[in-house]
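Colleague: Got a structure for you, model-v3.txt, holding compact mmCIF, C-alpha atoms.
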```txt
# COMPACT_ATOMS: atom_id res chain seq x y z
CA MET A 1 51.12 77.83 132.80
CA SER A 2 53.34 80.40 131.14
CA ALA A 3 52.89 81.55 127.56
CA ASN A 4 56.26 80.08 126.77
CA ASP A 5 55.15 76.70 128.10
CA THR A 6 51.96 76.76 126.04
CA ALA A 7 53.93 77.50 122.92
CA LYS A 8 56.24 74.62 123.73
CA ALA A 9 53.30 72.27 124.21
CA ARG A 10 51.99 73.29 120.82
CA ASP A 11 55.39 72.86 119.24
CA VAL A 12 55.61 69.26 120.30
CA SER A 13 52.09 68.45 119.18
CA TYR A 14 51.44 65.35 117.14
CA ASP A 15 51.49 67.02 113.72
CA VAL A 16 54.84 68.66 114.24
CA LEU A 17 56.36 65.37 115.31
CA VAL A 18 54.79 63.53 112.39
CA SER A 19 56.35 65.87 109.85
CA ALA A 20 59.67 66.01 111.69
CA HIS A 21 59.90 62.25 112.04
CA GLN A 22 59.71 61.56 108.33
CA PRO A 23 63.11 62.74 107.14
CA GLU A 24 62.94 60.42 104.12
CA ASN A 25 60.01 62.28 102.58
CA VAL A 26 60.87 63.32 99.06
CA SER A 27 59.46 65.64 96.43
CA LEU A 28 58.76 65.28 92.72
CA ARG A 29 60.76 68.45 92.01
CA GLY A 30 63.98 66.88 93.33
CA TYR A 31 63.58 63.77 91.17
CA VAL A 32 62.89 65.81 88.03
CA ILE A 33 65.93 68.05 88.63
CA GLY A 34 68.14 65.01 89.27
CA PHE A 35 66.86 63.18 86.21
CA ILE A 36 67.33 66.10 83.79
CA ALA A 37 70.78 66.96 85.18
CA SER A 38 71.89 63.31 84.90
CA ILE A 39 70.73 63.07 81.27
CA ILE A 40 72.56 66.28 80.36
CA LEU A 41 75.77 65.10 82.07
CA THR A 42 75.59 61.64 80.45
CA LEU A 43 74.97 63.05 76.96
CA SER A 44 77.77 65.61 77.26
CA ALA A 45 80.21 62.87 78.33
CA TYR A 46 79.11 60.77 75.35
CA LEU A 47 79.29 63.63 72.83
CA LEU A 48 82.69 64.76 74.11
CA THR A 49 84.06 61.25 73.63
CA ARG A 50 82.57 60.80 70.15
CA HIS A 51 82.99 64.26 68.67
CA GLY A 52 85.20 66.22 71.08
CA GLY A 53 88.42 66.07 69.11
CA MET A 54 90.63 67.02 72.04
CA SER A 55 93.75 65.41 73.47
CA LYS A 56 93.43 62.29 75.63
CA GLY A 57 94.63 63.99 78.79
CA VAL A 58 92.08 66.79 78.58
CA LEU A 59 89.31 64.33 77.72
CA VAL A 60 90.09 62.11 80.72
CA VAL A 61 89.97 65.07 83.09
CA LEU A 62 86.69 66.32 81.58
CA LEU A 63 85.04 62.88 81.67
CA SER A 64 86.14 62.32 85.29
CA GLY A 65 84.69 65.71 86.20
CA LEU A 66 81.38 64.92 84.49
CA ALA A 67 81.15 61.50 86.21
CA PHE A 68 81.91 63.07 89.59
CA SER A 69 79.28 65.78 89.04
CA GLN A 70 76.69 63.16 88.19
CA PHE A 71 77.69 61.20 91.30
CA ILE A 72 77.02 64.30 93.44
CA VAL A 73 73.75 65.08 91.62
CA GLN A 74 72.42 61.57 92.19
CA LEU A 75 73.58 61.53 95.82
CA ILE A 76 71.59 64.69 96.50
CA TYR A 77 68.49 64.22 94.36
CA PHE A 78 68.06 60.42 94.26
CA LEU A 79 69.71 59.18 97.47
CA HIS A 80 68.72 62.30 99.47
CA ILE A 81 72.02 62.81 101.24
CA GLY A 82 71.80 66.05 103.23
CA LYS A 83 68.05 65.80 103.89
CA GLU A 84 68.44 63.63 107.00
CA PHE A 85 68.36 64.92 110.55
CA ALA A 86 71.35 65.14 112.88
CA PRO A 87 73.37 63.13 113.68
CA ARG A 88 74.06 62.54 110.00
CA LEU A 89 74.93 58.87 110.16
CA LYS A 90 74.31 58.20 106.46
CA LEU A 91 76.71 60.97 105.49
CA MET A 92 79.33 59.70 107.95
CA MET A 93 79.06 56.15 106.53
CA LEU A 94 79.43 57.58 103.03
CA ALA A 95 82.54 59.53 104.01
CA PHE A 96 84.05 56.44 105.66
CA MET A 97 83.27 54.34 102.58
CA LEU A 98 84.90 56.92 100.29
CA THR A 99 88.02 56.90 102.48
CA VAL A 100 88.24 53.11 102.27
CA VAL A 101 87.66 53.22 98.50
CA ILE A 102 90.38 55.84 97.94
CA ILE A 103 92.90 53.81 99.96
CA LEU A 104 91.86 50.58 98.24
CA VAL A 105 91.88 51.79 94.63
CA GLY A 106 94.74 54.28 94.97
CA GLY A 107 96.84 51.79 96.95
CA SER A 108 96.25 48.95 94.48
CA LEU A 109 97.21 51.09 91.49
CA TRP A 110 100.27 52.42 93.29
CA ILE A 111 101.49 48.95 94.33
CA MET A 112 100.82 47.36 90.94
CA ASN A 113 102.49 50.18 88.99
CA ASN A 114 105.46 50.04 91.33
CA LEU A 115 105.68 46.26 90.91
CA SER A 116 105.48 46.59 87.14
CA HIS A 117 108.25 49.20 87.26
CA ARG A 118 110.49 47.03 89.48
CA MET A 119 109.99 44.00 87.28
CA ASN A 120 111.36 46.18 84.50
CA MET A 121 108.66 45.45 82.00
CA PRO A 122 109.00 48.03 79.27
CA SER A 123 105.82 47.21 77.35
CA VAL A 124 102.63 45.22 77.31
CA GLN A 125 103.70 43.72 73.97
CA GLN A 126 106.87 42.22 75.46
CA MET A 127 104.88 40.80 78.37
CA THR A 128 102.41 39.27 75.93
CA ASN A 129 105.24 37.75 73.87
CA TYR A 130 106.79 36.33 77.05
CA MET A 131 103.49 34.82 78.16
CA LYS A 132 102.92 33.32 74.72
CA SER A 133 106.39 31.74 74.80
CA GLN A 134 105.42 30.08 78.11
CA ASP A 135 102.12 28.75 76.77
CA ASN A 136 103.41 25.32 75.77
CA LEU A 137 104.87 24.55 79.18
CA MET B 1 71.33 71.36 109.90
CA SER B 2 67.88 70.61 111.28
CA GLU B 3 67.50 68.93 114.65
CA LEU B 4 64.65 66.58 115.53
CA PRO B 5 62.28 68.01 118.14
CA ASN B 6 63.63 66.64 121.37
CA ALA B 7 61.56 63.58 122.29
CA ALA B 8 62.34 63.84 126.01
CA ASP B 9 61.16 67.48 126.05
CA ALA B 10 57.99 66.50 124.24
CA VAL B 11 57.19 63.76 126.73
CA GLU B 12 57.91 66.04 129.71
CA VAL B 13 55.68 68.89 128.50
CA LEU B 14 52.86 66.60 127.44
CA THR B 15 52.92 64.83 130.83
CA ARG B 16 52.85 68.14 132.70
CA HIS B 17 49.80 69.19 130.73
CA LYS B 18 48.18 65.80 131.29
CA ASN B 19 47.81 65.50 127.54
CA TYR B 20 47.77 61.70 127.66
CA SER B 21 46.24 60.94 124.29
CA ASN B 22 48.95 62.94 122.54
CA LEU B 23 51.54 61.38 124.83
CA THR B 24 50.63 57.85 123.78
CA ARG B 25 50.51 58.72 120.12
CA THR B 26 53.81 60.58 120.36
CA ALA B 27 55.53 57.70 122.15
CA LYS B 28 54.29 55.19 119.57
CA LEU B 29 55.34 57.44 116.74
CA ILE B 30 58.83 57.98 118.08
CA ALA B 31 59.32 54.26 118.73
CA LYS B 32 58.14 53.31 115.23
CA HIS B 33 60.14 56.05 113.59
CA ASP B 34 63.30 54.98 115.42
CA ALA B 35 62.82 51.36 114.40
CA ASP B 36 62.22 52.29 110.72
CA THR B 37 65.15 54.69 110.66
CA ARG B 38 67.42 52.03 112.12
CA THR B 39 66.35 49.48 109.50
CA ILE B 40 66.89 51.90 106.62
CA PHE B 41 70.23 53.00 108.08
CA GLY B 42 71.26 49.34 108.37
CA PHE B 43 70.44 48.89 104.70
CA TRP B 44 72.50 51.99 103.89
CA VAL B 45 75.48 50.45 105.72
CA TYR B 46 75.11 47.34 103.55
CA LEU B 47 75.09 49.52 100.42
CA MET B 48 78.31 51.22 101.53
CA THR B 49 80.04 47.83 101.99
CA ASP B 50 78.77 46.88 98.53
CA CYS B 51 80.50 50.02 97.23
CA VAL B 52 83.75 48.64 98.63
CA LEU B 53 83.14 45.40 96.70
CA PHE B 54 82.66 47.37 93.47
CA ALA B 55 85.71 49.52 94.25
CA SER B 56 87.84 46.34 94.49
CA LEU B 57 86.56 45.20 91.11
CA PHE B 58 87.24 48.66 89.65
CA ALA B 59 90.80 48.47 91.03
CA VAL B 60 91.28 45.05 89.39
CA PHE B 61 89.94 46.43 86.11
CA ALA B 62 92.21 49.47 86.32
CA VAL B 63 95.24 47.20 86.83
CA LEU B 64 94.33 44.70 84.10
CA HIS B 65 92.67 46.83 81.41
CA ASN B 66 95.80 46.89 79.20
CA ASN B 67 96.52 43.18 79.52
CA THR B 68 94.72 42.07 76.39
CA TYR B 69 97.12 39.21 75.60
CA GLY B 70 96.77 39.82 71.87
CA GLY B 71 92.97 39.83 72.16
CA PRO B 72 90.61 42.71 71.44
CA THR B 73 90.81 45.97 73.37
CA GLY B 74 87.80 47.84 74.72
CA ALA B 75 87.89 50.22 71.76
CA MET B 76 87.51 47.27 69.35
CA LEU B 77 84.74 45.53 71.30
CA PHE B 78 82.40 48.18 72.66
CA SER B 79 79.74 49.99 70.67
CA LEU B 80 79.21 53.37 72.37
CA PRO B 81 75.68 54.10 71.04
CA TYR B 82 74.59 50.70 72.39
CA VAL B 83 76.06 51.47 75.83
CA LEU B 84 74.51 54.97 75.77
CA ALA B 85 71.09 53.35 75.21
CA GLU B 86 71.71 51.02 78.19
CA THR B 87 72.74 54.01 80.32
CA LEU B 88 69.68 56.10 79.46
CA ILE B 89 67.35 53.15 80.11
CA LEU B 90 68.89 52.54 83.54
CA LEU B 91 68.75 56.25 84.34
CA SER B 92 65.06 56.42 83.42
CA SER B 93 64.33 53.35 85.55
CA SER B 94 66.03 55.11 88.48
CA PHE B 95 63.71 58.09 87.92
CA THR B 96 60.54 55.98 87.71
CA CYS B 97 61.63 54.13 90.86
CA GLY B 98 61.70 57.53 92.60
CA LEU B 99 58.18 58.20 91.30
CA ALA B 100 57.09 54.88 92.85
CA VAL B 101 58.39 56.04 96.25
CA LEU B 102 56.53 59.37 95.84
CA SER B 103 53.29 57.54 95.06
CA ALA B 104 53.82 55.17 97.98
CA GLN B 105 54.26 58.17 100.28
CA GLN B 106 50.88 59.44 99.09
CA ARG B 107 49.46 55.90 99.63
CA HIS B 108 48.40 55.76 95.99
CA LYS B 109 48.29 52.03 95.30
CA LYS B 110 47.54 52.09 91.55
CA ARG B 111 50.32 54.58 90.81
CA VAL B 112 52.80 52.58 92.89
CA LEU B 113 51.95 49.49 90.85
CA LEU B 114 52.25 51.47 87.60
CA TRP B 115 55.67 52.99 88.41
CA LEU B 116 57.10 49.80 89.89
CA GLY B 117 55.90 48.01 86.74
CA VAL B 118 57.56 50.58 84.48
CA THR B 119 60.76 50.40 86.54
CA PHE B 120 60.72 46.60 86.27
CA LEU B 121 60.30 46.70 82.49
CA LEU B 122 63.10 49.27 82.04
CA GLY B 123 65.37 47.26 84.37
CA ALA B 124 64.58 44.06 82.46
CA SER B 125 65.36 45.75 79.11
CA PHE B 126 68.68 46.97 80.54
CA LEU B 127 69.52 43.45 81.69
CA GLY B 128 68.43 42.04 78.31
CA LEU B 129 70.76 44.45 76.46
CA GLU B 130 73.64 43.54 78.79
CA VAL B 131 73.14 39.79 78.44
CA ASN B 132 72.87 40.23 74.67
CA GLU B 133 76.20 42.12 74.64
CA PHE B 134 77.91 39.41 76.75
CA ASN B 135 76.46 36.73 74.52
CA LYS B 136 77.80 38.47 71.41
CA PHE B 137 81.32 38.72 72.89
CA VAL B 138 81.35 35.08 73.98
CA ARG B 139 80.14 33.89 70.58
CA MET B 140 82.96 35.87 68.91
CA GLY B 141 85.40 33.97 71.14
CA ASP B 142 86.09 36.94 73.40
CA SER B 143 84.86 35.47 76.68
CA TRP B 144 86.36 35.95 80.15
CA ARG B 145 88.94 33.26 79.27
CA ARG B 146 90.45 35.36 76.48
CA SER B 147 92.56 37.84 78.48
CA GLY B 148 93.07 39.55 81.82
CA PHE B 149 91.24 42.57 80.48
CA LEU B 150 88.18 40.52 79.55
CA SER B 151 88.22 38.59 82.86
CA SER B 152 88.11 41.82 84.82
CA TYR B 153 85.55 43.34 82.43
CA PHE B 154 83.14 40.41 82.76
CA THR B 155 83.59 40.29 86.54
CA LEU B 156 82.94 44.00 87.04
CA VAL B 157 80.02 44.42 84.64
CA GLY B 158 78.66 40.95 85.46
CA THR B 159 78.58 41.72 89.19
CA HIS B 160 76.58 44.86 88.42
CA GLY B 161 74.24 42.77 86.24
CA LEU B 162 73.84 40.26 89.07
CA HIS B 163 72.80 43.08 91.40
CA ILE B 164 70.28 44.26 88.78
CA THR B 165 68.87 40.72 88.56
CA ILE B 166 68.42 40.55 92.32
CA GLY B 167 66.85 44.03 92.29
CA LEU B 168 64.38 42.88 89.63
CA LEU B 169 63.45 39.82 91.73
CA TRP B 170 62.92 42.05 94.75
CA MET B 171 60.80 44.43 92.64
CA ALA B 172 58.62 41.59 91.37
CA VAL B 173 58.03 40.46 94.96
CA MET B 174 57.18 44.05 96.00
CA ILE B 175 54.68 44.39 93.13
CA GLY B 176 52.92 41.25 94.38
CA PHE B 177 53.08 42.59 97.95
CA VAL B 178 51.52 45.96 97.03
CA PHE B 179 48.91 44.25 94.86
CA ARG B 180 47.73 41.98 97.68
CA ARG B 181 48.21 44.11 100.79
CA GLY B 182 48.10 47.72 99.57
CA ILE B 183 50.46 50.39 100.95
CA THR B 184 51.10 49.65 104.62
CA ASP B 185 53.89 51.23 106.68
CA LEU B 186 55.90 48.04 106.19
CA VAL B 187 55.47 48.16 102.41
CA LEU B 188 56.45 51.84 102.34
CA LYS B 189 59.63 51.10 104.30
CA ARG B 190 60.55 48.27 101.94
CA ILE B 191 59.85 50.35 98.84
CA ARG B 192 62.16 53.02 100.27
CA MET B 193 64.94 50.45 100.72
CA LEU B 194 64.35 49.02 97.24
CA SER B 195 64.65 52.51 95.74
CA LEU B 196 67.89 53.11 97.68
CA PHE B 197 69.24 49.86 96.19
CA TRP B 198 68.12 50.80 92.67
CA HIS B 199 69.54 54.35 92.79
CA PHE B 200 72.77 52.91 94.18
CA LEU B 201 73.07 50.59 91.15
CA ASP B 202 72.57 53.59 88.89
CA VAL B 203 75.39 55.42 90.71
CA VAL B 204 77.72 52.42 90.20
CA TRP B 205 76.77 52.38 86.51
CA ILE B 206 77.92 56.04 86.07
CA PHE B 207 81.43 54.86 86.87
CA ILE B 208 81.20 51.72 84.73
CA PHE B 209 79.98 53.88 81.82
CA THR B 210 82.81 56.38 82.27
CA ILE B 211 85.74 54.16 83.26
CA VAL B 212 85.05 50.97 81.31
CA TYR B 213 83.29 52.24 78.20
CA LEU B 214 84.24 55.89 77.61
CA PHE B 215 87.87 55.55 78.79
CA GLY B 216 88.00 52.27 76.83
CA ALA B 217 86.87 54.06 73.66
CA ILE B 218 89.65 56.64 73.91
CA LYS B 219 92.23 53.82 74.12
CA LEU B 220 93.69 54.74 77.48
```
Using structure tokens, write down the structure that the file contains.
Modeller:
Amino acid sequence: MSANDTAKARDVSYDVLVSAHQPENVSLRGYVIGFIASIILTLSAYLLTRHGGMSKGVLVVLLSGLAFSQFIVQLIYFLHIGKEFAPRLKLMMLAFMLTVVIILVGGSLWIMNNLSHRMNMPSVQQMTNYMKSQDNL
Amino acid sequence: MSELPNAADAVEVLTRHKNYSNLTRTAKLIAKHDADTRTIFGFWVYLMTDCVLFASLFAVFAVLHNNTYGGPTGAMLFSLPYVLAETLILLSSSFTCGLAVLSAQQRHKKRVLLWLGVTFLLGASFLGLEVNEFNKFVRMGDSWRRSGFLSSYFTLVGTHGLHITIGLLWMAVMIGFVFRRGITDLVLKRIRMLSLFWHFLDVVWIFIFTIVYLFGAIKL
């Protein structure tokens, strides 16, 4: 029995496998970090909206950024993405889902805006007036 | 990226050293771990498809949010402090749900019951606030029949509320389960899936809070 072999036998002992085979194990520290970060991000989004006093465009970009940051924080600290062992199937499913979502939401908005443009509807008010005029049909 | 110790290597070395008691335990462990991991992964796949459902509803809301048909806009209807309270309650319940998983990992029955109980109460208060808000809108005559905007609003937020209701039912069942049987491997696995579900609902709420309520308040 070589020294290398003995080391290998020890490496694959029960305890090592027990700890390695529990990839879902989580720590209190992670939850506390995630919780505090989420509260800070939520409150800043709220305060920016109520008391920010900036233009709509800037506000929308800032709020989207804050929401996205909180999404990432919760993925890491609450849903434990990145703690799993290879192959990272959870991460792959997440990436596939995000691809579908981007196509679905982006595509819908694109098609509907294009349709609205082609139907030559200048304003929501005119559409509302038109619909009201059809109400008694 | 960490790799699992290679199970085939483990079995080969243990056999060569005639370490049969470790071999049996190792084989059982790997088999159980694989089964649990597969179940939890299957649940994760369901959550991802649920995300696609919510994305469709978000797309509908994004298309219809200006179609108020002379009815109220989001800025007129929503009270931001009220929604902030809902958000913080749901966020706290997500945190306490994580604490329940931690306690379950340590096989601490009383703490699991405590944290699941707290999570249930916070979740129920969130649902109560949401139902109260819906009820107020409907009584003012601004129900889902009022406009395209309100139809899509009630569908999106209502679907989230329905998920919360089902999560609360599941949590109540788990509390009974832990109370009667203690923390077995099966219970631990189910608590892990329940916490995935609950955190997922919190993630969806981030986007409802931002897109429906905050964007609504700045009259997009």
Colleague: Choose the residue, out of B:Phe95, B:Val112, B:Gly123, B:Leu169, that has the smallest atom-to-atom separation from chain A; count all atoms listed in the file.
Modeller: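 For chain A, the nearest of the given residues is B:Phe95.
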Colleague: Which residues come within 10 Å of Thr119 in chain B, counting only C-alpha atoms, excluding same-chain residues fewer than 3 positions away, as a list in words?
Modeller: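 In the requested format, the answer is Ile89, Leu90, Ser92, Ser93, Ser94, Phe95, Thr96, Cys97, Gly98, Leu99, Ala100, Leu113, Leu114, Trp115, Leu116, Leu122, Gly123, Ala124, Ser125, Leu168, Met171 and Trp198 of chain B.
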Colleague: Provide the CA of Tyr82 in chain B to CA of Gly167 in chain B distance in Å, to one decimal place.
Modeller: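 Those two atoms sit 22.4 Å apart.
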Colleague: Between A:Ile72, A:Ile39, A:Leu63, A:Met127, single out the one closest to Val212 in chain B, counting all atoms listed in the file.
Modeller: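 Under the stated criterion, the closest residue is A:Leu63.
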Colleague: For chain B, which residue among A:His51, A:Met97, A:Tyr130, A:Ser123 is the nearest when counting all atoms listed in the file?
Modeller: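 Nearest to chain B: A:Met97.
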Colleague: Can you sort out the box for range 56-74 of chain A, edges along x, y and z, all listed atoms in, 6 Å on every side, with centre and edge lengths in Å to one decimal, as JSON?
Modeller:
```
{"center_x": 83.5, "center_y": 64.0, "center_z": 84.5, "size_x": 34.2, "size_y": 17.6, "size_z": 29.8}
```
Colleague: From the set B:His33, B:His65, B:Lys110, B:Lys189, which residue has the shortest atom-to-atom contact distance to chain A, counting only C-alpha atoms?
Modeller: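 Checking each candidate against chain A, we get B:His33 as the closest.
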Colleague: In Å, with one decimal, what is the gap from CA of Leu47 in chain A to CA of Val203 in chain B?
Modeller: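 Computing the Euclidean distance for CA of Leu47 in chain A and CA of Val203 in chain B yields 20.1 Å.
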Colleague: Which one of A:Ser108, A:Thr99, A:Ser38, A:Ser55 sits closest to Gln74 in chain A if you count all atoms listed in the file?
Modeller: A:Ser38
Colleague: Which value, in Å to one decimal, gives the distance between CA of Leu64 in chain B and CA of Gly148 in chain B?
Modeller: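 Those two atoms sit 5.8 Å apart.
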Colleague: Counting only C-alpha atoms, figure out which residue out of B:Leu196, B:Leu47, B:Thr26, B:Leu53 gets nearest to Val105 in chain A.
Modeller: B:Leu53
Colleague: Need to verify the contact set: Trp44 in chain B, 12 Å, all atoms listed in the file, exclusion of same-chain residues closer than 3 positions in sequence. Can you return it as a list in words?
Modeller: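 Skipping anything fewer than 3 positions along the chain leaves Leu79, His80, Ile81, Leu89, Lys90, Leu91, Met92, Met93, Leu94 and Met97 of chain A; Thr37, Arg38, Thr39, Ile40, Phe41, Leu47, Met48, Thr49, Asp50, Cys51, Arg192, Met193, Leu194, Ser195, Leu196, Phe197, His199 and Phe200 of chain B.
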Colleague: Name all residues at most 8 Å from Thr128 in chain A (count all atoms listed in the file; drop same-chain ones fewer than 6 positions away) and give them as a list in words.
Modeller: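 In the requested form, the answer reads Asn67, Tyr69 and Gly70 of chain B.
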Colleague: So that I can check the surroundings of Ser79 in chain B, please list as a list in words every protein, DNA and RNA residue that reaches within 12 Å of it, counting all atoms listed in the file and ignoring chain neighbours fewer than 4 positions away.
Modeller: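 Answer for this query is Tyr46 and Arg50 of chain A; Gly74, Ala75, Val83, Leu84, Ala85, Glu86, Glu133, Lys136, Phe137, Phe209, Val212, Tyr213, Leu214, Gly216 and Ala217 of chain B.
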Colleague: Need a file for range 48-137 of chain A from that block: C-alpha atoms, written as a compact mmCIF listing (two decimals), in the first residue's frame.
Modeller:
```
# COMPACT_ATOMS: atom_id res chain seq x y z
CA LEU A 48 -35.58 57.68 -4.32
CA THR A 49 -39.14 57.43 -5.64
CA ARG A 50 -40.67 59.52 -2.85
CA HIS A 51 -38.01 62.16 -2.30
CA GLY A 52 -35.51 61.80 -5.15
CA GLY A 53 -36.60 64.77 -7.21
CA MET A 54 -34.86 63.62 -10.38
CA SER A 55 -36.11 63.20 -13.93
CA LYS A 56 -38.23 60.16 -14.84
CA GLY A 57 -35.62 58.66 -17.13
CA VAL A 58 -32.87 58.72 -14.51
CA LEU A 59 -35.24 57.37 -11.86
CA VAL A 60 -36.31 54.43 -14.03
CA VAL A 61 -32.70 53.46 -14.69
CA LEU A 62 -31.80 53.75 -10.99
CA LEU A 63 -34.84 51.75 -9.83
CA SER A 64 -34.17 49.01 -12.42
CA GLY A 65 -30.57 48.84 -11.22
CA LEU A 66 -31.64 48.55 -7.58
CA ALA A 67 -34.20 45.82 -8.40
CA PHE A 68 -31.60 43.89 -10.40
CA SER A 69 -29.06 44.18 -7.57
CA GLN A 70 -31.59 42.84 -5.10
CA PHE A 71 -32.39 39.99 -7.51
CA ILE A 72 -28.69 39.03 -7.56
CA VAL A 73 -28.34 39.41 -3.76
CA GLN A 74 -31.30 37.12 -3.12
CA LEU A 75 -30.15 34.59 -5.72
CA ILE A 76 -26.79 34.29 -3.96
CA TYR A 77 -27.74 34.56 -0.29
CA PHE A 78 -31.28 33.12 -0.18
CA LEU A 79 -31.43 30.72 -3.14
CA HIS A 80 -27.73 29.74 -2.85
CA ILE A 81 -26.89 29.87 -6.53
CA GLY A 82 -23.16 29.28 -6.91
CA LYS A 83 -22.85 27.02 -3.85
CA GLU A 84 -23.80 23.84 -5.71
CA PHE A 85 -21.33 21.31 -7.06
CA ALA A 86 -20.54 20.74 -10.72
CA PRO A 87 -22.30 20.24 -13.06
CA ARG A 88 -24.20 23.38 -12.14
CA LEU A 89 -27.63 22.32 -13.31
CA LYS A 90 -29.52 24.89 -11.22
CA LEU A 91 -27.49 27.71 -12.73
CA MET A 92 -28.01 26.34 -16.25
CA MET A 93 -31.79 26.14 -15.70
CA LEU A 94 -31.74 29.72 -14.40
CA ALA A 95 -29.83 30.93 -17.46
CA PHE A 96 -32.24 29.11 -19.79
CA MET A 97 -35.23 30.60 -17.94
CA LEU A 98 -33.78 34.11 -18.20
CA THR A 99 -33.26 33.62 -21.95
CA VAL A 100 -36.89 32.55 -22.39
CA VAL A 101 -38.08 35.47 -20.23
CA ILE A 102 -36.06 38.04 -22.21
CA ILE A 103 -37.43 36.72 -25.52
CA LEU A 104 -40.97 36.56 -24.12
CA VAL A 105 -41.12 40.00 -22.49
CA GLY A 106 -38.92 41.83 -25.00
CA GLY A 107 -40.70 40.20 -27.94
CA SER A 108 -44.18 40.99 -26.60
CA LEU A 109 -43.33 44.64 -25.99
CA TRP A 110 -41.70 44.94 -29.40
CA ILE A 111 -44.66 43.37 -31.24
CA MET A 112 -47.29 45.33 -29.32
CA ASN A 113 -45.49 48.68 -29.75
CA ASN A 114 -45.04 47.95 -33.44
CA LEU A 115 -48.72 47.06 -33.77
CA SER A 116 -49.73 50.21 -31.95
CA HIS A 117 -47.49 52.23 -34.26
CA ARG A 118 -48.90 50.59 -37.41
CA MET A 119 -52.47 51.12 -36.29
CA ASN A 120 -51.53 54.79 -36.14
CA MET A 121 -52.89 55.45 -32.70
CA PRO A 122 -51.47 58.78 -31.62
CA SER A 123 -52.66 58.71 -28.00
CA VAL A 124 -54.27 56.67 -25.28
CA GLN A 125 -56.94 59.38 -24.94
CA GLN A 126 -58.07 58.97 -28.55
CA MET A 127 -58.20 55.19 -28.13
CA THR A 128 -60.28 55.62 -25.00
CA ASN A 129 -62.66 58.00 -26.79
CA TYR A 130 -62.98 55.53 -29.67
CA MET A 131 -63.72 52.65 -27.30
CA LYS A 132 -66.30 54.73 -25.44
CA SER A 133 -68.02 55.60 -28.73
CA GLN A 134 -68.32 51.84 -29.42
CA ASP A 135 -69.76 51.06 -25.99
CA ASN A 136 -73.41 51.23 -27.01
CA LEU A 137 -73.04 48.76 -29.86
```
